[in-house]
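Only one structure is covered here, and it is reproduced in the block below.
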Amino acid sequence: MHSSAADTICALSTPPGIGGLAVVRVSGPQAIAIADSCFRGKVRLTDARSHTIHYGQLVRNDGSTVDYVTAAIFRSPHSYTGEDVVEITCHGGYVMYRLVIETLLEGGARLAEPGEFTRRAFLNGKMDLVQVESVAEIIHAQVNAAQELAVRQLGGSFTRWVRTIRDELQQVAALIEAELDFANEDIEFADRAELARRLEAILDECRRLARSYTGAEILRHGLRVGIVGFPNAGKSSLFNALLGRQRALVSPQPGTTRDYIEEALPIGRALLRLYDTAGFRESTDAIEVEGIALARSVVERCHVVVVVNDLTEGLEHSDALAASLRAEFPDIEHLLVHNKCDCVPASPRNAEEVVVSARTGEGIETLLDRLQQYVERATAELDRALVNERHVASLRRIEHSLASALVALEQQLPGECVALDLRTASEELSTLIGERWTNDLLDRIFAQFCIGK
Ligand SMILES: Nc1nc2c(ncn2[C@@H]2O[C@H](COP(=O)(O)OP(=O)(O)OP(=O)(O)O)[C@@H](O)[C@H]2O)c(=O)[nH]1
Ligand SMILES: [Mg+2]
């Protein structure tokens, strides 16, 4: 359970470990008084102005000195949480910050829960829910591009977009509701076709944003590429060639790879996550059968599947396998890679094919380029937002209401039906940016945070 917001909380806000400095943050109505009670400097912190920094000693109840520190004062409401905040910068390492926190606990603060600083910032109106989520994104970002987008989102671009859409929606709703007031007089305030056009434009925007989820996921966690094919096609060799090092075991023995192996390398603005899998074939070997089932489950989770064809077996050797995978997994990108062109030269038959030699490295750059193009395409429309799972679910509900409003308009249903759908959509937009929320929702969002944030 969350303790009362009237508590004063403290936690380490930098990662624990060897480093020059560590920052312990204190927030709450007693933050300055508690920090002051353990601080000996030129001025009393209780007298210090907001946004000033003070040098002094941190001392325990027994009078012993813990460390020489600086204390930065942020007075409510001009702080991260909106409450009084003191940021105590002490020496880094694994020990010092614990002593600083113990000292503050003695002074009457309590340890913060994960995300509690940011939760207070949200509850005090310092940021909206999308911005809160951006903070989580920034903490967890593994690539520059995701970081940049999250920072932009923190600036409020996504929220501004949602508000614009909601304003437009409310204008349409107002026109329809105005008509309702004059229902008996049979007055039409607005051209139905015009209203439908405006709703369709909003619906398109929502759909486009929801589609960008795949790109956002690729930025966050990487482009997942499964390497599959018949035994001995050279899957592990290709995996190694793409990685640029000998990671997977290669041998002339078919059925060498049993499990699957995962490795990552940077590609363009994202990470490429490569999966080397066991070859597809009829097998009686229990471990190999298990491996093939695993290969299927890997493909299921991939954005791109690369079918490796062994040219020494013929250009068409894997066509049936490639076709059946296409049929089984229509939503993912398929590439057919003809390997061993050092033995049997060949040319690609269409744009979904690449000819390579995992042995000599020929064509590997082309294949990497192809994968990078996919990343660029999937992430091209991400300028507005880094859509997450919660946003997608919300956008889908909005789409549903808008589509239903459009049907009602088309079928000349009473204005009440249209107005009701539009109100539902507009409320969902408010939920999206957290103007409407439940404790449950907050708990779920803050579960991704760490202590000190
Ligand atoms: N000439 C030539 N041989 C290759 C090439 N790529 C792989 N090989 C050879 O093909 C054999 C199989 O290679 P692997 O990479 O183990 O093939 P795999 O598809 O991972 O095989 P399994 O894991 O058993 O399904 C090995 O003897 C490799 O040296 C290539 O581009 N040219
Ligand atoms: Mg292998």
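Labels for the structure tokens follow display order: chains A, B, ..., residues from 1 in each chain, ligands from 1.
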
Item to check | Backbone DSSP call of helix (DSSP H, G or I) for stretch 247-358 of chain A, listed as a ChimeraX atom specification | outcome: /A:286-300,311-313,319-328

Next on the checklist: From a backbone DSSP assignment, name each residue in stretch 147-379 of chain A labelled strand (DSSP E or B), as a ChimeraX atom specification.
Outcome noted: /A:223-229,261-267,270-276,304-310,333-339,353-355

Since we have the selection now, will you write its residues out, keeping C-alpha atoms, as an mmCIF file, in the first residue's frame?
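Saved to selection_15.cif:
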```
data_model
loop_
_atom_site.group_PDB
_atom_site.id
_atom_site.type_symbol
_atom_site.label_atom_id
_atom_site.label_comp_id
_atom_site.auth_asym_id
_atom_site.auth_seq_id
_atom_site.Cartn_x
_atom_site.Cartn_y
_atom_site.Cartn_z
ATOM 1 C CA LEU A 223 14.515 -5.926 -34.781
ATOM 2 C CA ARG A 224 14.097 -9.676 -34.218
ATOM 3 C CA VAL A 225 15.358 -11.711 -37.152
ATOM 4 C CA GLY A 226 14.975 -15.494 -37.189
ATOM 5 C CA ILE A 227 17.368 -17.507 -39.341
ATOM 6 C CA VAL A 228 15.733 -20.736 -40.482
ATOM 7 C CA GLY A 229 16.142 -23.351 -43.225
ATOM 8 C CA ILE A 261 21.086 -18.909 -30.081
ATOM 9 C CA GLU A 262 20.410 -15.200 -29.747
ATOM 10 C CA GLU A 263 22.886 -12.370 -30.316
ATOM 11 C CA ALA A 264 22.487 -8.622 -30.863
ATOM 12 C CA LEU A 265 24.369 -6.090 -32.935
ATOM 13 C CA PRO A 266 23.654 -2.425 -33.696
ATOM 14 C CA ILE A 267 22.024 -1.646 -37.034
ATOM 15 C CA ALA A 270 18.216 0.186 -33.586
ATOM 16 C CA LEU A 271 19.513 -3.190 -32.439
ATOM 17 C CA LEU A 272 19.430 -6.287 -34.589
ATOM 18 C CA ARG A 273 18.524 -9.406 -32.596
ATOM 19 C CA LEU A 274 19.558 -12.471 -34.531
ATOM 20 C CA TYR A 275 18.271 -15.955 -33.773
ATOM 21 C CA ASP A 276 20.075 -19.021 -35.136
ATOM 22 C CA VAL A 304 11.716 -10.764 -40.135
ATOM 23 C CA VAL A 305 12.322 -14.396 -41.014
ATOM 24 C CA VAL A 306 15.346 -15.261 -43.132
ATOM 25 C CA VAL A 307 15.092 -18.609 -44.911
ATOM 26 C CA VAL A 308 18.578 -19.824 -45.800
ATOM 27 C CA ASN A 309 18.736 -21.844 -49.003
ATOM 28 C CA ASP A 310 21.739 -24.037 -49.854
ATOM 29 C CA GLU A 333 8.645 -9.891 -43.399
ATOM 30 C CA HIS A 334 10.175 -12.793 -45.354
ATOM 31 C CA LEU A 335 13.593 -12.918 -46.981
ATOM 32 C CA LEU A 336 15.051 -15.829 -48.939
ATOM 33 C CA VAL A 337 18.834 -15.915 -48.728
ATOM 34 C CA HIS A 338 20.707 -18.141 -51.165
ATOM 35 C CA ASN A 339 23.928 -19.240 -49.484
ATOM 36 C CA GLU A 353 15.940 -12.592 -52.295
ATOM 37 C CA VAL A 354 19.608 -12.039 -51.568
ATOM 38 C CA VAL A 355 22.567 -14.132 -52.731
#
```

Next on the checklist: Show me, as a list in words, the residues that have an atom within 9 Å of stretch 197-209 of chain A when counting only C-alpha atoms, minus same-chain residues fewer than 5 positions from it.
Outcome noted: Ile165, Glu168, Leu169, Val172, Arg192, Glu381, Leu382, Arg384, Ala385, Val387, Val392, Leu395, Arg396, Ile398, Glu399, Leu402, Ala403, Ala405 and Leu406 of chain A

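With distances restricted to only C-alpha atoms, A:His78 is the closest residue to A:His51 from A:His78, A:Arg377, A:His221, A:Arg245.
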
Checklist entry - Can you list, as number ranges by chain, every protein, DNA or RNA residue that comes within 12 Å of A:Gly244 when you count only C-alpha atoms, leaving out same-chain residues fewer than 2 positions away? => result A: 236-242, 246-248, 263-266, 358-361, 364-365, 368

Checklist entry - Between A:Pro414, A:Ile53, A:Gln30, A:Asp319, which has the minimum distance to A:Leu180 (counting only C-alpha atoms)? => result A:Pro414

Check which residues of chain A sit at most 7 Å from ligand 1 using only C-alpha atoms and all ligand atoms, and return one row each with the closest pair of atoms and their distance in Å to one decimal, ordered by chain and rising number, as a Markdown table.
```
| residue | atom | partner | partner_atom_place_in_ligand_line | distance |
| --- | --- | --- | --- | --- |
| A:Gly229 | CA | ligand 1 | 19 (O) | 6.7 |
| A:Phe230 | CA | ligand 1 | 25 (O) | 6.1 |
| A:Pro231 | CA | ligand 1 | 25 (O) | 3.3 |
| A:Asn232 | CA | ligand 1 | 21 (O) | 3.4 |
| A:Ala233 | CA | ligand 1 | 19 (O) | 4.0 |
| A:Gly234 | CA | ligand 1 | 17 (O) | 3.3 |
| A:Lys235 | CA | ligand 1 | 19 (O) | 3.7 |
| A:Ser236 | CA | ligand 1 | 20 (O) | 3.7 |
| A:Ser237 | CA | ligand 1 | 15 (O) | 3.6 |
| A:Leu238 | CA | ligand 1 | 15 (O) | 6.6 |
| A:Leu249 | CA | ligand 1 | 16 (O) | 6.5 |
| A:Val250 | CA | ligand 1 | 16 (O) | 3.5 |
| A:Ser251 | CA | ligand 1 | 16 (O) | 4.3 |
| A:Pro252 | CA | ligand 1 | 27 (O) | 3.5 |
| A:Gln253 | CA | ligand 1 | 24 (O) | 5.9 |
| A:Pro254 | CA | ligand 1 | 24 (O) | 3.7 |
| A:Gly255 | CA | ligand 1 | 24 (O) | 3.4 |
| A:Thr256 | CA | ligand 1 | 24 (O) | 3.6 |
| A:Thr257 | CA | ligand 1 | 23 (O) | 3.7 |
| A:Arg258 | CA | ligand 1 | 23 (O) | 7.0 |
| A:Ala278 | CA | ligand 1 | 25 (O) | 5.1 |
| A:Gly279 | CA | ligand 1 | 25 (O) | 3.9 |
| A:Asn339 | CA | ligand 1 | 31 (O) | 5.3 |
| A:Lys340 | CA | ligand 1 | 31 (O) | 3.5 |
| A:Cys341 | CA | ligand 1 | 31 (O) | 6.4 |
| A:Asp342 | CA | ligand 1 | 32 (N) | 5.7 |
| A:Cys343 | CA | ligand 1 | 1 (N) | 5.5 |
| A:Val356 | CA | ligand 1 | 31 (O) | 6.8 |
| A:Ser357 | CA | ligand 1 | 31 (O) | 3.6 |
| A:Ala358 | CA | ligand 1 | 31 (O) | 3.7 |
| A:Arg359 | CA | ligand 1 | 31 (O) | 4.0 |
| A:Thr360 | CA | ligand 1 | 31 (O) | 6.5 |
```

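Among A:Gly415, A:Val85, A:Ser324, A:Gly314, the residue with the shortest atom-to-atom distance to A:Ala346, counting only C-alpha atoms, is A:Gly314.
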